[in-house]
Structures are given as structure tokens and as C-alpha cells.
$ cat target_0.cif   # mmCIF, C-alpha atoms and all ligand atoms
data_upload
loop_
_atom_site.label_atom_id
_atom_site.label_comp_id
_atom_site.auth_asym_id
_atom_site.auth_seq_id
_atom_site.Cartn_x
_atom_site.Cartn_y
_atom_site.Cartn_z
CA MET M 5 18.19 19.46 9.41
CA THR M 6 14.47 20.18 9.68
CA ILE M 7 11.49 17.85 9.89
CA ASN M 8 8.45 19.79 8.72
CA LYS M 9 6.18 16.79 9.06
CA HIS M 10 3.38 15.36 11.19
CA ILE M 11 5.00 12.72 13.36
CA LEU M 12 2.78 10.26 15.20
CA LEU M 13 4.91 8.89 18.03
CA GLY M 14 3.80 5.55 19.49
CA VAL M 15 5.17 4.78 22.93
CA SER M 16 4.87 1.24 24.29
CA GLY M 17 5.64 -0.06 27.75
CA GLY M 18 9.37 -0.36 28.28
CA ILE M 19 11.72 1.45 30.60
CA ALA M 20 13.12 3.27 27.54
CA ALA M 21 9.80 5.17 27.39
CA TYR M 22 11.44 7.89 29.47
CA LYS M 23 13.89 8.51 26.60
CA SER M 24 10.97 9.21 24.28
CA ALA M 25 10.16 12.36 26.24
CA GLU M 26 13.52 13.71 25.06
CA LEU M 27 12.74 12.42 21.58
CA VAL M 28 9.55 14.53 21.45
CA ARG M 29 11.55 17.59 22.49
CA LEU M 30 14.12 16.99 19.73
CA LEU M 31 11.51 16.35 17.04
CA LYS M 32 9.69 19.55 17.98
CA LYS M 33 12.97 21.44 17.90
CA GLN M 34 13.46 20.27 14.31
CA GLY M 35 10.09 21.71 13.33
CA ALA M 36 7.93 18.57 13.52
CA GLU M 37 4.35 18.56 14.71
CA VAL M 38 4.11 15.65 17.17
CA GLN M 39 1.14 13.71 18.52
CA VAL M 40 1.77 10.95 21.03
CA VAL M 41 -0.06 7.64 21.37
CA MET M 42 0.67 5.59 24.47
CA THR M 43 -0.16 1.98 25.31
CA GLN M 44 -1.60 1.21 28.74
CA SER M 45 1.72 -0.21 29.94
CA ALA M 46 3.68 2.81 28.65
CA MET M 47 1.60 4.95 31.00
CA GLN M 48 2.92 2.87 33.92
CA PHE M 49 6.42 4.12 33.07
CA VAL M 50 5.83 7.75 32.11
CA SER M 51 2.87 9.96 32.76
CA PRO M 52 0.90 11.10 29.68
CA LEU M 53 1.17 14.60 31.13
CA THR M 54 4.89 14.63 30.34
CA PHE M 55 4.21 13.91 26.67
CA GLN M 56 1.29 16.31 26.57
CA ALA M 57 3.45 19.13 27.92
CA LEU M 58 6.33 18.39 25.55
CA SER M 59 4.29 17.80 22.39
CA GLY M 60 1.76 20.54 23.07
CA ASN M 61 -1.01 18.09 22.13
CA PRO M 62 -3.27 15.81 24.18
CA VAL M 63 -1.97 12.24 24.46
CA HIS M 64 -4.04 9.48 22.86
CA SER M 65 -4.40 6.09 24.51
CA GLU M 66 -7.97 4.81 24.14
CA LEU M 67 -9.24 2.96 21.08
CA LEU M 68 -12.89 3.28 22.00
CA ASP M 69 -13.10 6.70 23.50
CA ALA M 70 -16.20 8.67 22.50
CA ASP M 71 -14.49 12.07 22.77
CA ALA M 72 -11.40 10.91 20.93
CA GLU M 73 -13.46 9.35 18.14
CA ASN M 74 -15.27 12.65 17.66
CA ALA M 75 -12.06 14.64 17.56
CA MET M 76 -8.99 12.63 16.53
CA GLY M 77 -10.17 9.01 16.19
CA HIS M 78 -7.80 6.30 15.02
CA ILE M 79 -8.57 6.82 11.34
CA SER M 80 -8.16 10.60 11.51
CA LEU M 81 -4.92 10.18 13.45
CA ALA M 82 -3.63 7.71 10.87
CA ARG M 83 -4.54 10.11 8.06
CA TRP M 84 -2.97 13.04 9.89
CA ALA M 85 0.41 11.30 10.18
CA ASP M 86 3.19 11.73 7.61
CA CYS M 87 5.10 9.13 9.54
CA LEU M 88 4.45 6.69 12.38
CA LEU M 89 7.42 6.30 14.71
CA ILE M 90 7.19 3.71 17.47
CA ALA M 91 9.79 4.21 20.20
CA PRO M 92 10.21 2.23 22.29
CA ALA M 93 8.71 -0.82 20.60
CA THR M 94 8.50 -3.74 23.03
CA ALA M 95 8.76 -7.42 22.02
CA ASN M 96 5.03 -7.75 22.67
CA LEU M 97 4.13 -4.81 20.43
CA ILE M 98 6.42 -6.06 17.64
CA ALA M 99 4.73 -9.47 17.88
CA LYS M 100 1.30 -7.88 17.65
CA LEU M 101 2.19 -5.64 14.71
CA SER M 102 3.84 -8.45 12.77
CA HIS M 103 0.65 -10.52 13.06
CA GLY M 104 -1.79 -7.70 12.37
CA LEU M 105 -3.41 -7.78 15.83
CA ALA M 106 -5.27 -4.59 16.68
CA ASP M 107 -6.45 -4.72 20.27
CA ASP M 108 -5.47 -1.20 21.35
CA LEU M 109 -5.08 2.25 19.81
CA LEU M 110 -1.42 1.95 18.79
CA SER M 111 -1.68 -1.45 17.10
CA THR M 112 -4.89 -0.35 15.35
CA LEU M 113 -3.20 2.82 14.15
CA TYR M 114 -0.41 0.73 12.68
CA LEU M 115 -2.96 -1.15 10.58
CA ALA M 116 -4.77 2.03 9.57
CA ALA M 117 -1.61 3.97 8.70
CA THR M 118 -0.62 4.31 5.06
CA CYS M 119 2.44 6.45 5.86
CA PRO M 120 5.99 5.11 6.39
CA VAL M 121 6.46 3.32 9.72
CA TYR M 122 9.67 3.37 11.78
CA VAL M 123 10.18 1.15 14.79
CA ALA M 124 12.85 1.53 17.49
CA PRO M 125 12.87 -1.72 19.49
CA ALA M 126 13.82 -1.79 23.17
CA MET M 127 13.98 -4.94 25.25
CA ASN M 128 16.17 -7.27 27.26
CA GLN M 129 18.93 -8.83 25.12
CA ALA M 130 17.63 -12.41 25.58
CA MET M 131 14.17 -11.32 24.46
CA TRP M 132 15.68 -9.57 21.41
CA ASN M 133 17.72 -12.65 20.50
CA LYS M 134 14.80 -15.04 20.86
CA THR M 135 14.05 -16.69 17.51
CA VAL M 136 10.39 -15.72 17.59
CA THR M 137 11.26 -12.03 18.14
CA GLN M 138 13.75 -12.12 15.30
CA GLU M 139 11.15 -13.74 13.05
CA ASN M 140 8.60 -11.10 14.00
CA VAL M 141 11.09 -8.31 13.25
CA GLU M 142 11.85 -9.88 9.86
CA THR M 143 8.14 -10.06 9.10
CA LEU M 144 7.72 -6.38 9.93
CA GLN M 145 10.66 -5.48 7.69
CA ARG M 146 9.18 -7.54 4.88
CA HIS M 147 6.00 -5.51 5.32
CA GLY M 148 8.01 -2.35 4.69
CA VAL M 149 8.61 -1.22 8.28
CA LYS M 150 12.01 0.41 8.85
CA LEU M 151 13.99 -0.54 11.94
CA ILE M 152 15.97 1.99 13.97
CA GLY M 153 18.39 0.12 16.26
CA PRO M 154 18.42 -1.49 18.75
CA GLU M 155 21.92 -0.79 20.05
CA GLN M 156 24.36 -2.87 22.02
CA GLY M 157 25.32 -1.92 25.56
CA ASP M 158 24.33 -1.96 29.20
CA GLN M 159 20.69 -2.54 29.84
CA ALA M 160 18.36 -1.37 32.61
CA CYS M 161 18.04 -5.01 33.71
CA GLY M 162 21.79 -5.17 34.40
CA GLU M 163 22.61 -7.34 31.38
CA THR M 164 24.69 -6.38 28.36
CA GLY M 165 23.88 -7.02 24.71
CA TYR M 166 21.63 -5.91 21.85
CA GLY M 167 18.28 -4.52 22.87
CA ARG M 168 18.92 -0.96 24.08
CA MET M 169 16.76 1.58 22.36
CA SER M 170 18.78 3.93 20.14
CA GLU M 171 19.45 7.31 21.69
CA PRO M 172 16.83 10.00 20.95
CA VAL M 173 19.37 12.07 18.99
CA ALA M 174 20.18 9.08 16.77
CA ILE M 175 16.48 8.33 16.18
CA CYS M 176 15.77 11.96 15.38
CA ASN M 177 18.65 12.20 12.92
CA TYR M 178 17.72 8.91 11.27
CA LEU M 179 14.16 10.13 10.79
CA ALA M 180 15.18 13.54 9.46
CA ASP M 181 17.41 11.79 6.94
CA ALA M 182 14.80 9.21 5.92
CA LEU M 183 12.02 11.75 5.50
CA GLU M 184 14.21 14.11 3.51
CA ASN M 185 15.17 11.33 1.11
CA GLN M 186 11.65 10.10 0.65
CA ASN M 187 10.14 10.55 -2.78
CA PRO M 188 8.03 13.69 -2.84
CA SER M 189 4.67 12.84 -1.37
CA PRO M 190 1.87 12.79 -3.94
CA VAL M 191 -0.11 15.20 -1.80
CA GLN M 192 -2.51 17.17 -3.96
CA CYS M 193 -0.62 16.47 -7.22
CA LEU M 194 -3.92 15.29 -8.77
CA GLN M 195 -6.04 18.01 -7.19
CA GLY M 196 -9.35 18.46 -9.01
CA LEU M 197 -8.76 15.67 -11.55
CA ASN M 198 -11.12 12.76 -12.25
CA VAL M 199 -9.30 9.45 -12.16
CA LEU M 200 -10.81 6.17 -13.33
CA ILE M 201 -9.18 2.97 -12.07
CA SER M 202 -10.00 -0.65 -12.85
CA ALA M 203 -8.92 -3.28 -10.35
CA GLY M 204 -9.10 -6.96 -9.49
CA PRO M 205 -9.78 -10.04 -11.59
CA THR M 206 -12.80 -10.80 -13.74
CA ARG M 207 -14.93 -13.93 -13.61
CA GLU M 208 -16.02 -15.55 -16.85
CA PRO M 209 -18.93 -17.92 -16.23
CA ILE M 210 -18.83 -21.46 -17.64
CA ASP M 211 -22.11 -22.62 -16.09
CA PRO M 212 -24.14 -21.43 -13.07
CA VAL M 213 -21.53 -22.71 -10.59
CA ARG M 214 -18.19 -22.43 -12.40
CA TYR M 215 -16.10 -19.64 -13.83
CA LEU M 216 -12.65 -18.81 -15.21
CA THR M 217 -10.60 -16.31 -13.23
CA ASN M 218 -7.02 -15.48 -12.16
CA ARG M 219 -4.94 -14.81 -9.05
CA SER M 220 -5.36 -11.02 -8.98
CA SER M 221 -6.24 -9.78 -5.47
CA GLY M 222 -7.02 -6.19 -6.50
CA LYS M 223 -4.52 -4.87 -3.92
CA MET M 224 -2.55 -2.77 -6.43
CA GLY M 225 -5.66 -1.17 -7.94
CA TYR M 226 -7.14 -0.43 -4.51
CA ALA M 227 -3.81 1.01 -3.31
CA LEU M 228 -3.79 3.23 -6.42
CA ALA M 229 -7.33 4.38 -5.64
CA ASN M 230 -6.20 5.31 -2.12
CA ALA M 231 -3.09 7.09 -3.36
CA ALA M 232 -5.05 9.01 -6.02
CA LEU M 233 -7.56 10.10 -3.36
CA LYS M 234 -4.71 11.22 -1.12
CA ALA M 235 -3.35 13.18 -4.07
CA GLY M 236 -6.61 15.11 -4.31
CA ALA M 237 -8.32 13.28 -7.18
CA GLU M 238 -11.99 12.35 -7.57
CA VAL M 239 -11.75 8.59 -7.98
CA THR M 240 -14.03 6.12 -9.72
CA LEU M 241 -13.06 2.50 -9.06
CA VAL M 242 -14.38 -0.23 -11.34
CA SER M 243 -13.70 -3.42 -9.45
CA GLY M 244 -13.91 -7.10 -10.22
CA PRO M 245 -14.71 -9.48 -7.34
CA VAL M 246 -12.19 -8.95 -4.52
CA SER M 247 -12.24 -9.27 -0.75
CA LEU M 248 -11.06 -5.70 -0.14
CA THR M 249 -12.95 -2.72 1.18
CA ALA M 250 -12.90 0.28 -1.10
CA PRO M 251 -11.98 3.67 0.40
CA ALA M 252 -15.11 5.48 1.55
CA ASN M 253 -14.66 8.42 -0.81
CA VAL M 254 -14.41 6.60 -4.12
CA GLN M 255 -17.27 5.94 -6.45
CA LEU M 256 -17.25 2.14 -6.53
CA ILE M 257 -18.70 0.22 -9.46
CA LYS M 258 -18.70 -3.52 -8.90
CA VAL M 259 -18.54 -5.78 -11.92
CA GLU M 260 -17.91 -9.45 -12.51
CA THR M 261 -17.16 -10.24 -16.13
CA ALA M 262 -14.74 -8.71 -18.63
CA ALA M 263 -17.75 -7.58 -20.70
CA GLN M 264 -19.27 -5.78 -17.68
CA MET M 265 -15.92 -4.16 -16.91
CA TYR M 266 -15.65 -3.06 -20.56
CA GLU M 267 -19.08 -1.44 -20.39
CA ALA M 268 -18.44 0.22 -17.02
CA VAL M 269 -15.08 1.67 -18.11
CA MET M 270 -15.95 2.66 -21.68
CA SER M 271 -19.11 4.51 -20.65
CA ARG M 272 -17.10 6.66 -18.21
CA ALA M 273 -13.60 6.98 -19.69
CA SER M 274 -14.18 10.16 -21.69
CA ASP M 275 -15.29 11.99 -18.54
CA HIS M 276 -12.00 11.26 -16.83
CA ALA M 277 -8.59 12.89 -17.12
CA ILE M 278 -6.69 9.70 -16.30
CA TYR M 279 -7.47 6.00 -16.72
CA ILE M 280 -5.37 3.39 -14.92
CA GLY M 281 -6.08 -0.16 -16.08
CA ALA M 282 -4.84 -2.17 -13.11
CA ALA M 283 -7.39 -4.96 -13.50
CA ALA M 284 -6.36 -8.44 -14.58
CA VAL M 285 -9.01 -8.73 -17.26
CA ALA M 286 -9.61 -12.22 -18.64
CA ASP M 287 -8.20 -12.48 -22.15
CA TYR M 288 -10.73 -15.13 -23.10
CA SER M 289 -14.21 -16.01 -21.96
CA PRO M 290 -16.42 -19.06 -22.71
CA VAL M 291 -18.42 -18.55 -25.89
CA ILE M 292 -21.49 -20.05 -24.24
CA MET M 293 -22.48 -20.00 -20.62
CA GLN M 294 -24.33 -23.28 -20.11
CA PRO M 295 -27.63 -22.53 -18.37
CA GLU M 296 -27.37 -25.73 -16.30
CA LYS M 297 -24.48 -27.25 -14.38
CA ILE M 298 -22.32 -29.25 -16.81
CA LYS M 299 -22.39 -32.94 -15.93
CA LYS M 300 -19.28 -35.05 -15.55
CA GLN M 301 -19.40 -37.46 -18.52
CA GLU M 302 -16.57 -37.76 -21.07
CA GLU M 303 -12.89 -38.38 -20.17
CA GLN M 304 -11.99 -35.17 -21.91
CA SER M 305 -13.96 -32.03 -22.39
CA THR M 306 -13.39 -28.92 -24.48
CA LEU M 307 -14.27 -25.37 -23.60
CA ILE M 308 -14.57 -22.99 -26.53
CA LEU M 309 -13.30 -19.53 -25.67
CA GLN M 310 -13.68 -16.19 -27.35
CA LYS M 311 -11.19 -13.34 -27.03
CA THR M 312 -12.50 -10.53 -24.82
CA LYS M 313 -12.43 -6.91 -25.94
CA ASP M 314 -9.30 -5.04 -24.85
CA ILE M 315 -10.58 -2.30 -22.56
CA LEU M 316 -7.26 -0.50 -22.28
CA ALA M 317 -6.64 -0.35 -26.04
CA ASP M 318 -10.21 0.80 -26.70
CA VAL M 319 -10.00 3.55 -24.05
CA ALA M 320 -6.80 4.83 -25.67
CA LYS M 321 -8.58 4.84 -29.07
CA LEU M 322 -11.46 7.04 -27.90
CA ASP M 323 -11.64 10.46 -29.59
CA LYS M 324 -11.76 12.07 -26.17
CA HIS M 325 -9.40 9.71 -24.42
CA PRO M 326 -7.93 10.10 -20.94
CA PHE M 327 -4.21 9.87 -20.13
CA THR M 328 -4.06 6.08 -20.29
CA VAL M 329 -1.90 3.90 -18.06
CA GLY M 330 -1.73 0.13 -18.43
CA PHE M 331 -0.12 -2.71 -16.54
CA ALA M 332 1.89 -5.59 -17.92
CA ALA M 333 2.51 -8.67 -15.82
CA GLU M 334 5.21 -10.74 -17.47
CA THR M 335 7.12 -13.92 -16.75
CA HIS M 336 9.88 -13.13 -19.28
CA ASN M 337 11.19 -10.42 -21.66
CA LEU M 338 9.58 -7.75 -19.46
CA GLU M 339 10.87 -4.66 -21.27
CA VAL M 340 10.28 -5.99 -24.79
CA TYR M 341 6.67 -7.00 -24.08
CA ALA M 342 5.93 -3.87 -22.05
CA ARG M 343 7.25 -1.53 -24.74
CA ASP M 344 5.38 -3.50 -27.37
CA LYS M 345 2.09 -3.06 -25.41
CA LEU M 346 2.81 0.62 -24.87
CA ALA M 347 3.13 1.19 -28.62
CA ARG M 348 0.51 -1.29 -29.84
CA LYS M 349 -2.22 -0.12 -27.46
CA LYS M 350 -1.18 3.55 -27.87
CA LEU M 351 -0.79 4.06 -24.11
CA ASP M 352 0.74 7.04 -22.35
CA MET M 353 2.43 4.81 -19.81
CA ILE M 354 2.80 1.16 -18.86
CA ALA M 355 3.78 -0.27 -15.47
CA ALA M 356 5.40 -3.65 -15.87
CA ASN M 357 6.15 -6.23 -13.22
CA TRP M 358 7.51 -9.71 -13.06
CA VAL M 359 5.08 -12.41 -12.03
CA GLY M 360 5.98 -15.92 -11.06
CA LYS M 361 6.89 -17.96 -8.05
CA GLU M 362 9.69 -15.81 -6.65
CA GLN M 363 8.23 -12.39 -7.43
CA GLY M 364 5.70 -10.16 -5.70
CA GLY M 365 2.96 -9.15 -8.10
CA PHE M 366 -0.27 -11.13 -8.09
CA ASP M 367 -1.86 -11.78 -4.71
CA SER M 368 1.14 -10.43 -2.82
CA GLU M 369 1.60 -7.54 -0.37
CA GLN M 370 4.64 -6.25 -2.17
CA ASN M 371 5.61 -5.49 -5.72
CA ALA M 372 8.26 -3.83 -7.85
CA LEU M 373 7.56 -1.96 -11.08
CA HIS M 374 9.40 -0.89 -14.18
CA VAL M 375 7.42 1.93 -15.74
CA PHE M 376 7.83 2.86 -19.40
CA TRP M 377 6.63 5.77 -21.50
CA GLU M 378 7.60 6.74 -25.03
CA LYS M 379 10.79 8.56 -24.19
CA GLY M 380 11.71 7.28 -20.77
CA ASP M 381 11.39 4.76 -17.99
CA LYS M 382 11.65 4.50 -14.23
CA VAL M 383 12.23 1.60 -11.85
CA PHE M 384 10.46 1.34 -8.49
CA SER M 385 12.11 -1.29 -6.34
CA MET M 386 10.29 -3.89 -4.25
CA THR M 387 8.13 -2.29 -1.56
CA ASP M 388 4.63 -2.62 -0.14
CA LYS M 389 1.83 -1.83 -2.58
CA THR M 390 0.71 1.24 -0.61
CA ARG M 391 4.09 2.93 -1.00
CA LEU M 392 4.44 1.72 -4.58
CA ALA M 393 1.03 3.14 -5.47
CA GLU M 394 2.03 6.53 -4.05
CA GLN M 395 5.23 6.50 -6.11
CA LEU M 396 3.35 5.52 -9.26
CA ILE M 397 0.67 8.19 -8.70
CA SER M 398 3.42 10.83 -8.30
CA LEU M 399 4.97 9.71 -11.57
CA ILE M 400 1.61 9.63 -13.38
CA ALA M 401 0.90 13.19 -12.17
CA GLU M 402 4.35 14.30 -13.33
CA ARG M 403 3.94 12.73 -16.80
CA PHE M 404 0.32 13.92 -17.08
CA ASN M 405 1.46 17.48 -16.45
CA THR M 406 4.25 17.35 -19.02
CA THR M 407 2.17 15.94 -21.89
O1 LIG M 501 -2.20 -7.40 -23.25
P1 LIG M 501 -2.25 -7.61 -21.79
O2 LIG M 501 -3.52 -8.30 -21.33
O3 LIG M 501 -1.04 -8.27 -21.19
O4 LIG M 501 -2.26 -6.12 -21.18
C1 LIG M 501 -2.43 -5.88 -19.82
C2 LIG M 501 -3.12 -4.58 -19.67
O5 LIG M 501 -4.27 -4.54 -20.50
C3 LIG M 501 -3.63 -4.33 -18.25
O6 LIG M 501 -3.54 -2.95 -17.97
C4 LIG M 501 -5.09 -4.79 -18.32
O7 LIG M 501 -5.90 -4.10 -17.38
C5 LIG M 501 -5.46 -4.42 -19.74
N1 LIG M 501 -6.45 -5.29 -20.39
C6 LIG M 501 -7.68 -4.75 -20.70
N2 LIG M 501 -8.63 -5.54 -21.33
C7 LIG M 501 -8.37 -6.81 -21.64
C8 LIG M 501 -7.11 -7.37 -21.33
C9 LIG M 501 -6.18 -6.58 -20.70
O8 LIG M 501 -7.94 -3.58 -20.41
N3 LIG M 501 -9.30 -7.54 -22.23
#
$ encode --input "target_0.cif" --output "C-alpha cells" --more "lines below"
Ligand code: C5P
Amino acid sequence: MTINKHILLGVSGGIAAYKSAELVRLLKKQGAEVQVVMTQSAMQFVSPLTFQALSGNPVHSELLDADAENAMGHISLARWADCLLIAPATANLIAKLSHGLADDLLSTLYLAATCPVYVAPAMNQAMWNKTVTQENVETLQRHGVKLIGPEQGDQACGETGYGRMSEPVAICNYLADALENQNPSPVQCLQGLNVLISAGPTREPIDPVRYLTNRSSGKMGYALANAALKAGAEVTLVSGPVSLTAPANVQLIKVETAAQMYEAVMSRASDHAIYIGAAAVADYSPVIMQPEKIKKQEEQSTLILQKTKDILADVAKLDKHPFTVGFAAETHNLEVYARDKLARKKLDMIAANWVGKEQGGFDSEQNALHVFWEKGDKVFSMTDKTRLAEQLISLIAERFNTT
């Protein structure tokens, strides 16, 4: 088996850190390019020089290091990685990662990484069995992190039980397998193409202080923008109000209302090869925006609403229309409604997902999608939105190139 990938190996402070030196050797032998990041406590167990010599690259350990930031800062390292492998992962590191703390280079890299993350825990068996550790591990798994081990057996502390780090050979084989079975990465599949994406909710004003909106967080649209960028596209992101930071390299157009989003998208759509309508556009907006705050008077009050213009359908109707991809969030009859929208709005593709209490979808970190096009469909099972966006971008590129 070969691993022709960039592996970022995070080493935290456990006695098993010495085994990771062997792990670097094995990964290199399989063809991987390896960079090592060590926590301060890891360096108490093994010298960075060992990892430097074995990986052939300088070891990274400082978050705020002027030289490192100029060369391979945390963002560049995160972008460089095809996979982040943390071995050994201590109880403390797992706790930090599961709560999104970022107080050193490794934990910050975890937050910055958009690649798959694999964690090989190593700790005393009582620490592993502690409820809080188990809860933290479950949280990480829910966030899409894959666990390698730990194994049962004798421990350095003299006790026996679960908590031993998996052997380097086992970790290496697991990784080779996992990376081989990954969906093809979307790298450069949209090279040179202009992609227009709409994301987030819209706000329809009722009066100067009130508006109608929905639960969309914009996470899916922003993840798609990131994935399209990674795939080599020039990305324009038309975004409703969200609390997310857009990737630095996109052209961001901020809008608030459905009418503004319509204008922003329609005026640009013909200049783009692909349009992905991931925004949760309001279907109705108040006919009149009251210029002054509406006073509380009657027991009942009526708001008169007007249907908004369907951006997606109108983009698909343009003479010079882009490859058009819509979304359909449904609480029932997913396939029937999605296929109906695909045909009615004359879309090239529609990505449908369940929404409701038990599902991912709106305002959630994870989602699952069932994608339909005229003569086919594909299911993407529940995963984090970053991964899902990469899978969807790969599929869009594939369909775009065959139509
Ligand atoms: O018909 P429905 O609103 O369920 O379709 C959802 C899809 O249509 C999404 O892709 C959404 O971005 C798009 N849409 C739109 N303009 C609207 C309403 C929905 O582009 N006014």
C-alpha cells in the first residue's frame, strides 16, 4: 500500500510519543510527506530532533513564532495537510479539541484544518474510562474525527486495560486504507471556472426593528465556497446575514433581503459557469415595511405578505445560464418534492436534505444529502459540512463536465 499524501502528524505529551517516531518512519516508507507538530509536553518525552531527522522537515511547536508564521504558519500548515493524524492524543488534548480550545499550535491547527482528522488516543486506562473522556471522544466523533484505537493491554504505568496507543504499523495501515477509500479529493476539478454561490438566510423587514427570517446559519454555503476555492474555482459568494467569516479569496457580496439577493445574483449569474443556490431565501416578504415601529394595540394583527421572486428558477431561465444547482430542505416526501423542483425550476442538479428536529440540516454542523439530476442520483451520508461540501463539489464538477 502507498500513501502519496501530505500527512500532518500531531504529537502530544504521552509516553507513547516515542512510538510516533517509528510511525513517521513507516509513513515515509509508504511514500507520505510528513510534517510533525509537537505540543510542549510532547517535547519532554521525545526530542524534536528525532522527528526532524525522521521526517526530513523542521518540527513545528510554536503558535506565535515569527519565523514559522512567515514560512509555514498554522494556516499554511493546515492547508498543506491532506490529513491530520494525532498520535498519541492525550486525554487533555482530546478534551481541548472536543471543546474547540486553541491555545497552542496543535489545537489551533485542528480548528484550521479542513482535511480528515484521525486521532490515536493514549492514556492510563482509568483516564480513558472516565465518563468525561468518553463524552469528549464521542463529541469528537460526532464532529467527524475518526478514532484509531486505543488498544487493550499492559500500560507504561503498570496497569492493564484500554488506553494503549495502537501500534505504529496498525495506525499506518489504517491510514493507508482510509485515505485510499476516500472519495477523490476535489483538488483542481473546478480549475479556472467562475462559481457563484448564495448562502445564509434573508431578512425581510416588517418595521425598522423587526424582520422575518429563518434558521439558516450559512454553514453549508460557506463550506461550499471553501470547497470550490480548494477545487481551483474563482468564487463569488452572495451572503445573507450570518456570523461566519468568508474565506479570504472569495469575492463577498453581503445582502440582507431576498430582493437584494435576487439583484446581486441575477446581475452576475451569466458571467459564471456554475451557480449554487444554497441560500434559504424567504418565500414571502411583507408587502409594506412600516417606516415606524408598529405599536402593540389589537389582540390580533395581520401581516400581508407577497411572494418573493425565485432566484434559482430565474437564473436557470436566463438565455446564458450557468450550470444551476439548487437545494431542497424537506420535512417529508424528500425525493418527490426534490425531483419536482428539479424539473419545475429547470435545474441541472438539486441537493435535498431532511430538516426537522432529529436531522442535521439547518443550523447544524453536520448534514446528509440526496442529490438528484435528470438521469441519476447520489446519496451522501451524514458527515460534517466541510466534508459534505467537498463531496458535493466533486459531484458538481463531474456532472458539469459531462453535460
Ligand atoms: O422552492 P424552494 O424554496 O423549496 O427551493 C429551494 C431552492 O430554491 C434553494 O436552492 C433556494 O436557494 C432557492 N430559492 C431561491 N429563491 C427563492 C426561494 C428559493 O433561489 N425566492
$ residues_near_ligand --input "target_0.cif" --ligand "ligand LIG 501 (chain M)" --cutoff "6 Å" --atoms "all atoms listed in the file" --output "ChimeraX atom specification"
/M:281-287,312-316,330-332
$ write_last_selection --input "target_0.cif" --atoms "C-alpha atoms" --output "short mmCIF file (atom, residue, chain, number, x, y, z; two decimals), in the coordinates of the input"
data_model
loop_
_atom_site.label_atom_id
_atom_site.label_comp_id
_atom_site.auth_asym_id
_atom_site.auth_seq_id
_atom_site.Cartn_x
_atom_site.Cartn_y
_atom_site.Cartn_z
CA GLY M 281 -6.08 -0.16 -16.08
CA ALA M 282 -4.84 -2.17 -13.11
CA ALA M 283 -7.39 -4.96 -13.50
CA ALA M 284 -6.36 -8.44 -14.58
CA VAL M 285 -9.01 -8.73 -17.26
CA ALA M 286 -9.61 -12.22 -18.64
CA ASP M 287 -8.20 -12.48 -22.15
CA THR M 312 -12.50 -10.53 -24.82
CA LYS M 313 -12.43 -6.91 -25.94
CA ASP M 314 -9.30 -5.04 -24.85
CA ILE M 315 -10.58 -2.30 -22.56
CA LEU M 316 -7.26 -0.50 -22.28
CA GLY M 330 -1.73 0.13 -18.43
CA PHE M 331 -0.12 -2.71 -16.54
CA ALA M 332 1.89 -5.59 -17.92
#
$ closest_residue --input "target_0.cif" --among "M:Thr261, M:Ser202, M:Gln129, M:Ser111" --to "Ala227 (chain M)" --atoms "all atoms listed in the file"
M:Ser202
$ atom_distance --input "target_0.cif" --atom1 "CA of Leu109 (chain M)" --atom2 "CA of Glu66 (chain M)"
5.8 Å
$ closest_residue --input "target_0.cif" --among "M:Arg272, M:Arg403, M:Lys349, M:Lys223" --to "Thr249 (chain M)" --atoms "all atoms listed in the file"
M:Lys223
$ closest_residue --input "target_0.cif" --among "M:Lys33, M:Val383, M:Gln255, M:Gln192" --to "Glu402 (chain M)" --atoms "only C-alpha atoms"
M:Gln192
$ residues_around --input "target_0.cif" --residues "region 228-234 of chain M" --least-positions-apart "5" --cutoff "10 Å" --atoms "all atoms listed in the file" --output "count of residues only"
40
$ closest_residue --input "target_0.cif" --among "M:Lys134, M:His103, M:Arg29, M:Lys299" --to "Gln56 (chain M)" --atoms "only C-alpha atoms"
M:Arg29
$ residues_around --input "target_0.cif" --residues "Arg168 (chain M)" --least-positions-apart "6" --cutoff "7 Å" --atoms "all atoms listed in the file" --output "ChimeraX atom specification"
/M:126-127,154-157,159
$ closest_residue --input "target_0.cif" --among "M:Leu338, M:Ala117, M:Ile11, M:Ala317" --to "Cys176 (chain M)" --atoms "all atoms listed in the file"
M:Ile11
$ residues_around --input "target_0.cif" --residues "Pro120 (chain M)" --least-positions-apart "3" --cutoff "8 Å" --atoms "all atoms listed in the file" --output "ChimeraX atom specification"
/M:86-88,148-149,391
$ write_last_selection --input "target_0.cif" --atoms "C-alpha atoms" --output "JSON list (two decimals), keeping the file's coordinate frame"
[["chain", "number", "residue", "atom", "x", "y", "z"],
["M", 86, "ASP", "CA", 3.19, 11.73, 7.61],
["M", 87, "CYS", "CA", 5.10, 9.13, 9.54],
["M", 88, "LEU", "CA", 4.45, 6.69, 12.38],
["M", 148, "GLY", "CA", 8.01, -2.35, 4.69],
["M", 149, "VAL", "CA", 8.61, -1.22, 8.28],
["M", 391, "ARG", "CA", 4.09, 2.93, -1.00]]
$ atom_distance --input "target_0.cif" --atom1 "CA of Ile175 (chain M)" --atom2 "CA of Asn8 (chain M)"
15.9 Å
$ atom_distance --input "target_0.cif" --atom1 "CA of Trp84 (chain M)" --atom2 "CA of Leu12 (chain M)"
8.3 Å
$ closest_residue --input "target_0.cif" --among "M:Ala262, M:Val15, M:Leu67, M:Leu31" --to "Ala106 (chain M)" --atoms "all atoms listed in the file"
M:Leu67
